Number of protein chains: 4
Amino acid sequence: MFSDQDPIRQQLIEARRNQILDAAASVFAEEGFHRATTKEIASRAGIAEGTIYNYFESKDDLLIGLMSRLAELETLDDELTEALQGDARDFFVAMFRRRVEHMVEGQETLQAILPEVLVNADLRERYYQRYVLRIAEMLEQYVRTRIELGHIRPVDASLATRAVQAMFVGLLVLRILGDETVVERWETLPELLATIIFDGLRAEGGE
Amino acid sequence: MFSDQDPIRQQLIEARRNQILDAAASVFAEEGFHRATTKEIASRAGIAEGTIYNYFESKDDLLIGLMSRLAELETLDDELTEALQGDARDFFVAMFRRRVEHMVEGQETLQAILPEVLVNADLRERYYQRYVLRIAEMLEQYVRTRIELGHIRPVDASLATRAVQAMFVGLLVLRILGDETVVERWETLPELLATIIFDGLRAEGGE
Amino acid sequence: MFSDQDPIRQQLIEARRNQILDAAASVFAEEGFHRATTKEIASRAGIAEGTIYNYFESKDDLLIGLMSRLAELETLDDELTEALQGDARDFFVAMFRRRVEHMVEGQETLQAILPEVLVNADLRERYYQRYVLRIAEMLEQYVRTRIELGHIRPVDASLATRAVQAMFVGLLVLRILGDETVVERWETLPELLATIIFDGLRAEGGE
Amino acid sequence: MFSDQDPIRQQLIEARRNQILDAAASVFAEEGFHRATTKEIASRAGIAEGTIYNYFESKDDLLIGLMSRLAELETLDDELTEALQGDARDFFVAMFRRRVEHMVEGQETLQAILPEVLVNADLRERYYQRYVLRIAEMLEQYVRTRIELGHIRPVDASLATRAVQAMFVGLLVLRILGDETVVERWETLPELLATIIFDGLRAEGGE
DNA sequence: AATGAATGAGTCTTCATTCAT
DNA sequence: CATGAATGAAGACTCATTCAT
């Protein structure tokens, strides 16, 4: 006879949901969404199959749950956007570092979600709007301002932003594909990416 | 009746295989590998379900077939790699243009393959070795030489190569996700990417 | 604490049982026995799912409970049977009116029970013996006596009784099926049935 | 490579559908729709479970299929309606005989359908419209005409029709409930029903 | 007594694959 | 070679029932 607002109950529910999502992320990442069975997810979560359905509507809903958890992680970034006063290159390095760290933390979840997102029109829209587009727009706004300030070349801000974001998505894909170079030198990426994107690959004093 | 080597027969077989692969690519791209049914593939190819199995071992084999066709397309690139004498920036633009065009041509196939590749360990290895790594190594060799020639900054050639390649993979993902900016301004990408990667985003004369 | 015979406790138990049976009748009638869930029954009774099992052995037992309640209602009829002295037609009208009223009162319960009774061998036997056969035999006895008294044609009393009873069962079915004529003119049924069954449809002075 | 209109194929399909419907009727009648499993239906039809789904959309669709088959049987009756010239009582006996025979032929199907129809709103509407109402209206028209001709008392034709139809439905229910009297003396029903309904139970020269 | 989360057996349904024609 | 009906293994999901609190 607890109220629906009962905070203890809410916490238990949240804990159980996370326990299930963790298991789901792990199985989805390993086997892919379709090959993953609810039986295996349940077993990995240490619960019965039916229990999943006390917390999630359907197997699809597990993916949505994973996406939502991921989106929550990202809200932290908003603050970063306000740092316009500092050096542009420093900002890029800092931002790259953030994103690169997030991707490692969230790799399992991303690996669980991404392939299915590419394939499921509903999820695609949802994922794109909540996750990709939101970040793209934040970054785009930043780039646009920096261009106005004369710190950045007057490039197509919208497309340039996508290119940079694409690089991160692509690096995630390479990680998933098991590319050793990317995995092993992951820590050095932020500095390298800043060099490529901000300074350019052209040798200084070249031509 | 005919010998296995009979060239007419070989051609017919090849034609039929392509007909089936086209249908498969189309259904996989729309529905994803798992939601795609052999019934739908057969219907889209205008043949009976059973006929598929006269040309392919299994549904998985269709994916492998698609990957092989894709790999053949790419062999053309090898020649490009030898163009070391020209201007580095021009080379980048030319290469980016090639790749960007290939990606549009092959988008359906790539969209069909990529999500499943991310999810299936066997295909992952196969795809990575034949497709990603081969190109990465070619490009890496090129970059390494350009560095030695002093045309390119002395960056981590291996990782930089991955970053560039990642950008293309990521752009494909953004296309699949339906990003309007990327789709609409696709033609302007090669030049922009060259600017970003080769020249850098830093405003000239800045700081 | 209380003795099992404690009358207060007995009454509380009875009240709770009725509360649950009411909810069950309502859900069974709407959804049918199988589609009805104990969760919904509990919710409609304003109690927890588990509580049902403190008062009933199983979901099946709810149906048995409903049948028993129905049978209790019917015991009133016994008295009627003794009314042999009056006019036969008047008796029929009176009896039809009784039954027709009972059917409306008990419609929800009957609608809940009947479909499952038709389908479940155990219940079928139970329902038939306690409910159908008991009434059939009472009625049959009455008809038989009336025949001996010369008030009624010498028909096959047993089968004629079933035919009359069948009419009521059938009218219930038509109500459940939502027949508008039957529902709207329900009040006029007793008189009409007496006309049909006792007087016959043949026009007077016919032939 | 047969055309969709290919008559041989059409016949094979029809035969298979009937084979499956026969098995379904048999299992539904014994166990009830919900307790019946597709596995059991398949096994009783001598086919694999999956084969059912090559011929029917779903388990529900089997019920609809059974209803349609039943409706086809009934179209024969239409002719009967035109027989207005003969003696009314004779007509009733003939009609009762028809219906009573049909009910035995179709008992299994009716027993399979009826309980679920009482419980499923979609089927209820469908069954009532196609099966109950159609016959009711035919019969009602007949009764109305006979009343105008002065062969039948001026009763509420619509309701009287329902009462008669209800009797048949009720007799089916009593058969399903296993009433021995009804089952054993089934053959004598038409004559008895004519006596009850047309002549009335009142003893001739009574009162 | 009341609760309701956890359970897991049971089922419909899908669909890749086979094979007789 | 082509066909497509038949197959049956596999899996998501439901829900009556239990039992620790």
# chains A, B, ... in the order shown; residues from 1 in each chain; ligands from 1
>>> residues_around(residues="Leu66 in chain A", least_positions_apart="4", cutoff="9 Å", atoms="only C-alpha atoms (C1' of nucleotides)", output="number ranges by chain")
A: 21-22, 24-25, 61-62, 70-71, 109-110, 112-113
>>> residues_around(residues="DA20 in chain F", least_positions_apart="3", cutoff="12 Å", atoms="only C-alpha atoms (C1' of nucleotides)", output="list of chain:residue names")
E:DT3, E:DG4, E:DA5, E:DA6
>>> residues_around(residues="Tyr55 in chain A", least_positions_apart="5", cutoff="8 Å", atoms="only C-alpha atoms (C1' of nucleotides)", output="PyMOL selection string")
chain A and resi 13+16-17
>>> closest_atom_pairs(of="chain A", to="chain B", cutoff="7 Å", atoms="only C-alpha atoms", output="JSON lines")
{"residue": "A:Glu31", "atom": "CA", "partner": "B:Val119", "partner_atom": "CA", "distance": 6.1}
{"residue": "A:Gly32", "atom": "CA", "partner": "B:Val119", "partner_atom": "CA", "distance": 4.8}
{"residue": "A:His34", "atom": "CA", "partner": "B:His34", "partner_atom": "CA", "distance": 6.9}
{"residue": "A:Pro115", "atom": "CA", "partner": "B:Pro115", "partner_atom": "CA", "distance": 4.5}
{"residue": "A:Glu116", "atom": "CA", "partner": "B:Pro115", "partner_atom": "CA", "distance": 6.9}
{"residue": "A:Leu118", "atom": "CA", "partner": "B:Pro115", "partner_atom": "CA", "distance": 6.3}
{"residue": "A:Val119", "atom": "CA", "partner": "B:Gly32", "partner_atom": "CA", "distance": 4.9}
{"residue": "A:Arg124", "atom": "CA", "partner": "B:Leu177", "partner_atom": "CA", "distance": 6.1}
{"residue": "A:Tyr128", "atom": "CA", "partner": "B:Leu177", "partner_atom": "CA", "distance": 6.4}
{"residue": "A:Gly150", "atom": "CA", "partner": "B:Ala203", "partner_atom": "CA", "distance": 6.6}
{"residue": "A:His151", "atom": "CA", "partner": "B:Ala203", "partner_atom": "CA", "distance": 5.4}
{"residue": "A:Ile152", "atom": "CA", "partner": "B:Ala203", "partner_atom": "CA", "distance": 4.4}
{"residue": "A:Arg153", "atom": "CA", "partner": "B:Ala203", "partner_atom": "CA", "distance": 4.4}
{"residue": "A:Ser158", "atom": "CA", "partner": "B:Thr181", "partner_atom": "CA", "distance": 7.0}
{"residue": "A:Leu159", "atom": "CA", "partner": "B:Thr181", "partner_atom": "CA", "distance": 6.3}
{"residue": "A:Ala163", "atom": "CA", "partner": "B:Met167", "partner_atom": "CA", "distance": 6.4}
{"residue": "A:Ala166", "atom": "CA", "partner": "B:Gly170", "partner_atom": "CA", "distance": 3.9}
{"residue": "A:Met167", "atom": "CA", "partner": "B:Met167", "partner_atom": "CA", "distance": 4.0}
{"residue": "A:Val169", "atom": "CA", "partner": "B:Gly170", "partner_atom": "CA", "distance": 5.0}
{"residue": "A:Gly170", "atom": "CA", "partner": "B:Ala166", "partner_atom": "CA", "distance": 4.0}
{"residue": "A:Leu171", "atom": "CA", "partner": "B:Ala166", "partner_atom": "CA", "distance": 5.2}
{"residue": "A:Leu174", "atom": "CA", "partner": "B:Ala166", "partner_atom": "CA", "distance": 7.0}
{"residue": "A:Ile176", "atom": "CA", "partner": "B:Leu118", "partner_atom": "CA", "distance": 6.6}
{"residue": "A:Leu177", "atom": "CA", "partner": "B:Arg124", "partner_atom": "CA", "distance": 6.0}
{"residue": "A:Thr181", "atom": "CA", "partner": "B:Leu159", "partner_atom": "CA", "distance": 6.3}
{"residue": "A:Val182", "atom": "CA", "partner": "B:Leu159", "partner_atom": "CA", "distance": 6.5}
{"residue": "A:Ile196", "atom": "CA", "partner": "B:Ile197", "partner_atom": "CA", "distance": 5.5}
{"residue": "A:Ile197", "atom": "CA", "partner": "B:Gly200", "partner_atom": "CA", "distance": 5.1}
{"residue": "A:Phe198", "atom": "CA", "partner": "B:Leu201", "partner_atom": "CA", "distance": 4.6}
{"residue": "A:Asp199", "atom": "CA", "partner": "B:Gly200", "partner_atom": "CA", "distance": 4.5}
{"residue": "A:Gly200", "atom": "CA", "partner": "B:Gly200", "partner_atom": "CA", "distance": 3.4}
{"residue": "A:Leu201", "atom": "CA", "partner": "B:Phe198", "partner_atom": "CA", "distance": 4.6}
{"residue": "A:Arg202", "atom": "CA", "partner": "B:Ile152", "partner_atom": "CA", "distance": 4.8}
{"residue": "A:Ala203", "atom": "CA", "partner": "B:Arg153", "partner_atom": "CA", "distance": 4.4}
{"residue": "A:Gly206", "atom": "CA", "partner": "B:His151", "partner_atom": "CA", "distance": 6.3}
>>> interface_residues(of="chain D", to="chain F", cutoff="12 Å", atoms="only C-alpha atoms (C1' of nucleotides)", output="list in words")
Met1, Phe2, Arg9, Leu12, Ile13, Arg16, Lys39, Ala42, Gly46, Ile47, Ala48, Glu49, Gly50, Thr51, Ile52, Tyr53, Asn54 and Tyr55 of chain D
>>> closest_atom_pairs(of="chain D", to="chain E", cutoff="8 Å", atoms="only C-alpha atoms (C1' of nucleotides)", output="JSON lines")
{"residue": "D:Thr37", "atom": "CA", "partner": "E:DT11", "partner_atom": "C1'", "distance": 7.2}
{"residue": "D:Thr38", "atom": "CA", "partner": "E:DC12", "partner_atom": "C1'", "distance": 7.5}
{"residue": "D:Lys59", "atom": "CA", "partner": "E:DC12", "partner_atom": "C1'", "distance": 7.9}
>>> write_last_selection(atoms="N, CA, C and O atoms", output="PDB file, in the first residue's frame")
ATOM      1  N   THR D  37      -4.817 -25.626 -28.779  1.00  0.00           N
ATOM      2  CA  THR D  37      -3.511 -25.128 -29.218  1.00  0.00           C
ATOM      3  C   THR D  37      -3.336 -25.372 -30.722  1.00  0.00           C
ATOM      4  O   THR D  37      -3.858 -26.341 -31.268  1.00  0.00           O
ATOM      5  N   THR D  38      -2.606 -24.487 -31.336  1.00  0.00           N
ATOM      6  CA  THR D  38      -2.357 -24.665 -32.769  1.00  0.00           C
ATOM      7  C   THR D  38      -1.589 -25.963 -33.017  1.00  0.00           C
ATOM      8  O   THR D  38      -1.765 -26.605 -34.044  1.00  0.00           O
ATOM      9  N   LYS D  59      -4.963 -17.653 -35.426  1.00  0.00           N
ATOM     10  CA  LYS D  59      -5.893 -18.576 -34.780  1.00  0.00           C
ATOM     11  C   LYS D  59      -7.312 -18.003 -34.853  1.00  0.00           C
ATOM     12  O   LYS D  59      -8.268 -18.745 -35.142  1.00  0.00           O
TER      13      LYS D  59
END
>>> select_by_dssp(residues="chain D", states="alpha helix (DSSP H)", output="PyMOL selection string")
chain D and resi 7-31+38-45+49-55+59-74+78-81+88-105+107-117+121-127+134-148+157-176+180-184+189-194
>>> atom_distance(atom1="CA of Met138 in chain C", atom2="CA of Gln107 in chain C")
22.0 Å
>>> atom_distance(atom1="CA of Arg44 in chain C", atom2="CA of Ala23 in chain C")
5.6 Å
>>> decode(residues="range 93-117 of chain C", atoms="N, CA, C and O atoms", output="JSON list (two decimals), in the first residue's frame")
[["chain", "number", "residue", "atom", "x", "y", "z"],
["C", 93, "VAL", "N", -47.60, -17.77, -17.30],
["C", 93, "VAL", "CA", -47.23, -16.36, -17.38],
["C", 93, "VAL", "C", -46.43, -15.95, -16.14],
["C", 93, "VAL", "O", -45.39, -15.30, -16.25],
["C", 94, "ALA", "N", -46.91, -16.39, -14.99],
["C", 94, "ALA", "CA", -46.22, -16.03, -13.74],
["C", 94, "ALA", "C", -44.80, -16.59, -13.74],
["C", 94, "ALA", "O", -43.82, -15.91, -13.41],
["C", 95, "MET", "N", -44.70, -17.86, -14.15],
["C", 95, "MET", "CA", -43.38, -18.48, -14.15],
["C", 95, "MET", "C", -42.45, -17.80, -15.16],
["C", 95, "MET", "O", -41.29, -17.51, -14.88],
["C", 96, "PHE", "N", -42.98, -17.54, -16.33],
["C", 96, "PHE", "CA", -42.17, -16.88, -17.35],
["C", 96, "PHE", "C", -41.69, -15.52, -16.85],
["C", 96, "PHE", "O", -40.54, -15.13, -17.07],
["C", 97, "ARG", "N", -42.61, -14.82, -16.16],
["C", 97, "ARG", "CA", -42.23, -13.51, -15.67],
["C", 97, "ARG", "C", -41.07, -13.63, -14.67],
["C", 97, "ARG", "O", -40.08, -12.91, -14.74],
["C", 98, "ARG", "N", -41.20, -14.58, -13.75],
["C", 98, "ARG", "CA", -40.13, -14.86, -12.80],
["C", 98, "ARG", "C", -38.78, -15.09, -13.50],
["C", 98, "ARG", "O", -37.78, -14.48, -13.20],
["C", 99, "ARG", "N", -38.85, -16.00, -14.42],
["C", 99, "ARG", "CA", -37.59, -16.39, -15.08],
["C", 99, "ARG", "C", -36.99, -15.24, -15.87],
["C", 99, "ARG", "O", -35.79, -15.02, -15.87],
["C", 100, "VAL", "N", -37.87, -14.52, -16.52],
["C", 100, "VAL", "CA", -37.41, -13.41, -17.33],
["C", 100, "VAL", "C", -36.79, -12.33, -16.45],
["C", 100, "VAL", "O", -35.77, -11.71, -16.80],
["C", 101, "GLU", "N", -37.35, -12.14, -15.27],
["C", 101, "GLU", "CA", -36.77, -11.17, -14.35],
["C", 101, "GLU", "C", -35.43, -11.66, -13.81],
["C", 101, "GLU", "O", -34.46, -10.91, -13.74],
["C", 102, "HIS", "N", -35.42, -12.93, -13.43],
["C", 102, "HIS", "CA", -34.16, -13.50, -12.95],
["C", 102, "HIS", "C", -33.05, -13.36, -13.98],
["C", 102, "HIS", "O", -31.91, -13.09, -13.64],
["C", 103, "MET", "N", -33.40, -13.56, -15.22],
["C", 103, "MET", "CA", -32.37, -13.52, -16.25],
["C", 103, "MET", "C", -31.76, -12.13, -16.39],
["C", 103, "MET", "O", -30.58, -11.98, -16.68],
["C", 104, "VAL", "N", -32.58, -11.12, -16.18],
["C", 104, "VAL", "CA", -32.03, -9.78, -16.27],
["C", 104, "VAL", "C", -31.14, -9.49, -15.05],
["C", 104, "VAL", "O", -30.02, -9.02, -15.19],
["C", 105, "GLU", "N", -31.67, -9.81, -13.87],
["C", 105, "GLU", "CA", -30.85, -9.65, -12.66],
["C", 105, "GLU", "C", -29.50, -10.37, -12.81],
["C", 105, "GLU", "O", -28.46, -9.82, -12.50],
["C", 106, "GLY", "N", -29.61, -11.61, -13.26],
["C", 106, "GLY", "CA", -28.40, -12.43, -13.27],
["C", 106, "GLY", "C", -27.67, -12.40, -14.59],
["C", 106, "GLY", "O", -26.74, -13.19, -14.80],
["C", 107, "GLN", "N", -28.07, -11.50, -15.50],
["C", 107, "GLN", "CA", -27.46, -11.56, -16.84],
["C", 107, "GLN", "C", -25.94, -11.52, -16.81],
["C", 107, "GLN", "O", -25.29, -12.31, -17.48],
["C", 108, "GLU", "N", -25.41, -10.60, -16.02],
["C", 108, "GLU", "CA", -23.96, -10.48, -16.01],
["C", 108, "GLU", "C", -23.32, -11.81, -15.59],
["C", 108, "GLU", "O", -22.39, -12.30, -16.23],
["C", 109, "THR", "N", -23.85, -12.37, -14.53],
["C", 109, "THR", "CA", -23.31, -13.64, -14.06],
["C", 109, "THR", "C", -23.49, -14.73, -15.11],
["C", 109, "THR", "O", -22.57, -15.51, -15.39],
["C", 110, "LEU", "N", -24.68, -14.79, -15.68],
["C", 110, "LEU", "CA", -24.94, -15.83, -16.69],
["C", 110, "LEU", "C", -24.01, -15.64, -17.89],
["C", 110, "LEU", "O", -23.46, -16.61, -18.42],
["C", 111, "GLN", "N", -23.86, -14.41, -18.29],
["C", 111, "GLN", "CA", -22.98, -14.13, -19.42],
["C", 111, "GLN", "C", -21.54, -14.50, -19.10],
["C", 111, "GLN", "O", -20.77, -14.90, -19.97],
["C", 112, "ALA", "N", -21.19, -14.35, -17.83],
["C", 112, "ALA", "CA", -19.84, -14.71, -17.41],
["C", 112, "ALA", "C", -19.65, -16.21, -17.42],
["C", 112, "ALA", "O", -18.59, -16.72, -17.81],
["C", 113, "ILE", "N", -20.67, -16.92, -17.01],
["C", 113, "ILE", "CA", -20.55, -18.36, -16.82],
["C", 113, "ILE", "C", -20.77, -19.15, -18.10],
["C", 113, "ILE", "O", -20.00, -20.05, -18.44],
["C", 114, "LEU", "N", -21.87, -18.83, -18.79],
["C", 114, "LEU", "CA", -22.32, -19.69, -19.87],
["C", 114, "LEU", "C", -21.25, -20.05, -20.89],
["C", 114, "LEU", "O", -21.06, -21.23, -21.20],
["C", 115, "PRO", "N", -20.55, -19.07, -21.44],
["C", 115, "PRO", "CA", -19.59, -19.43, -22.50],
["C", 115, "PRO", "C", -18.53, -20.41, -22.01],
["C", 115, "PRO", "O", -18.16, -21.33, -22.74],
["C", 116, "GLU", "N", -18.10, -20.23, -20.80],
["C", 116, "GLU", "CA", -17.07, -21.13, -20.28],
["C", 116, "GLU", "C", -17.65, -22.50, -19.96],
["C", 116, "GLU", "O", -17.00, -23.52, -20.14],
["C", 117, "VAL", "N", -18.88, -22.50, -19.50],
["C", 117, "VAL", "CA", -19.55, -23.77, -19.22],
["C", 117, "VAL", "C", -19.64, -24.62, -20.48],
["C", 117, "VAL", "O", -19.46, -25.84, -20.45]]
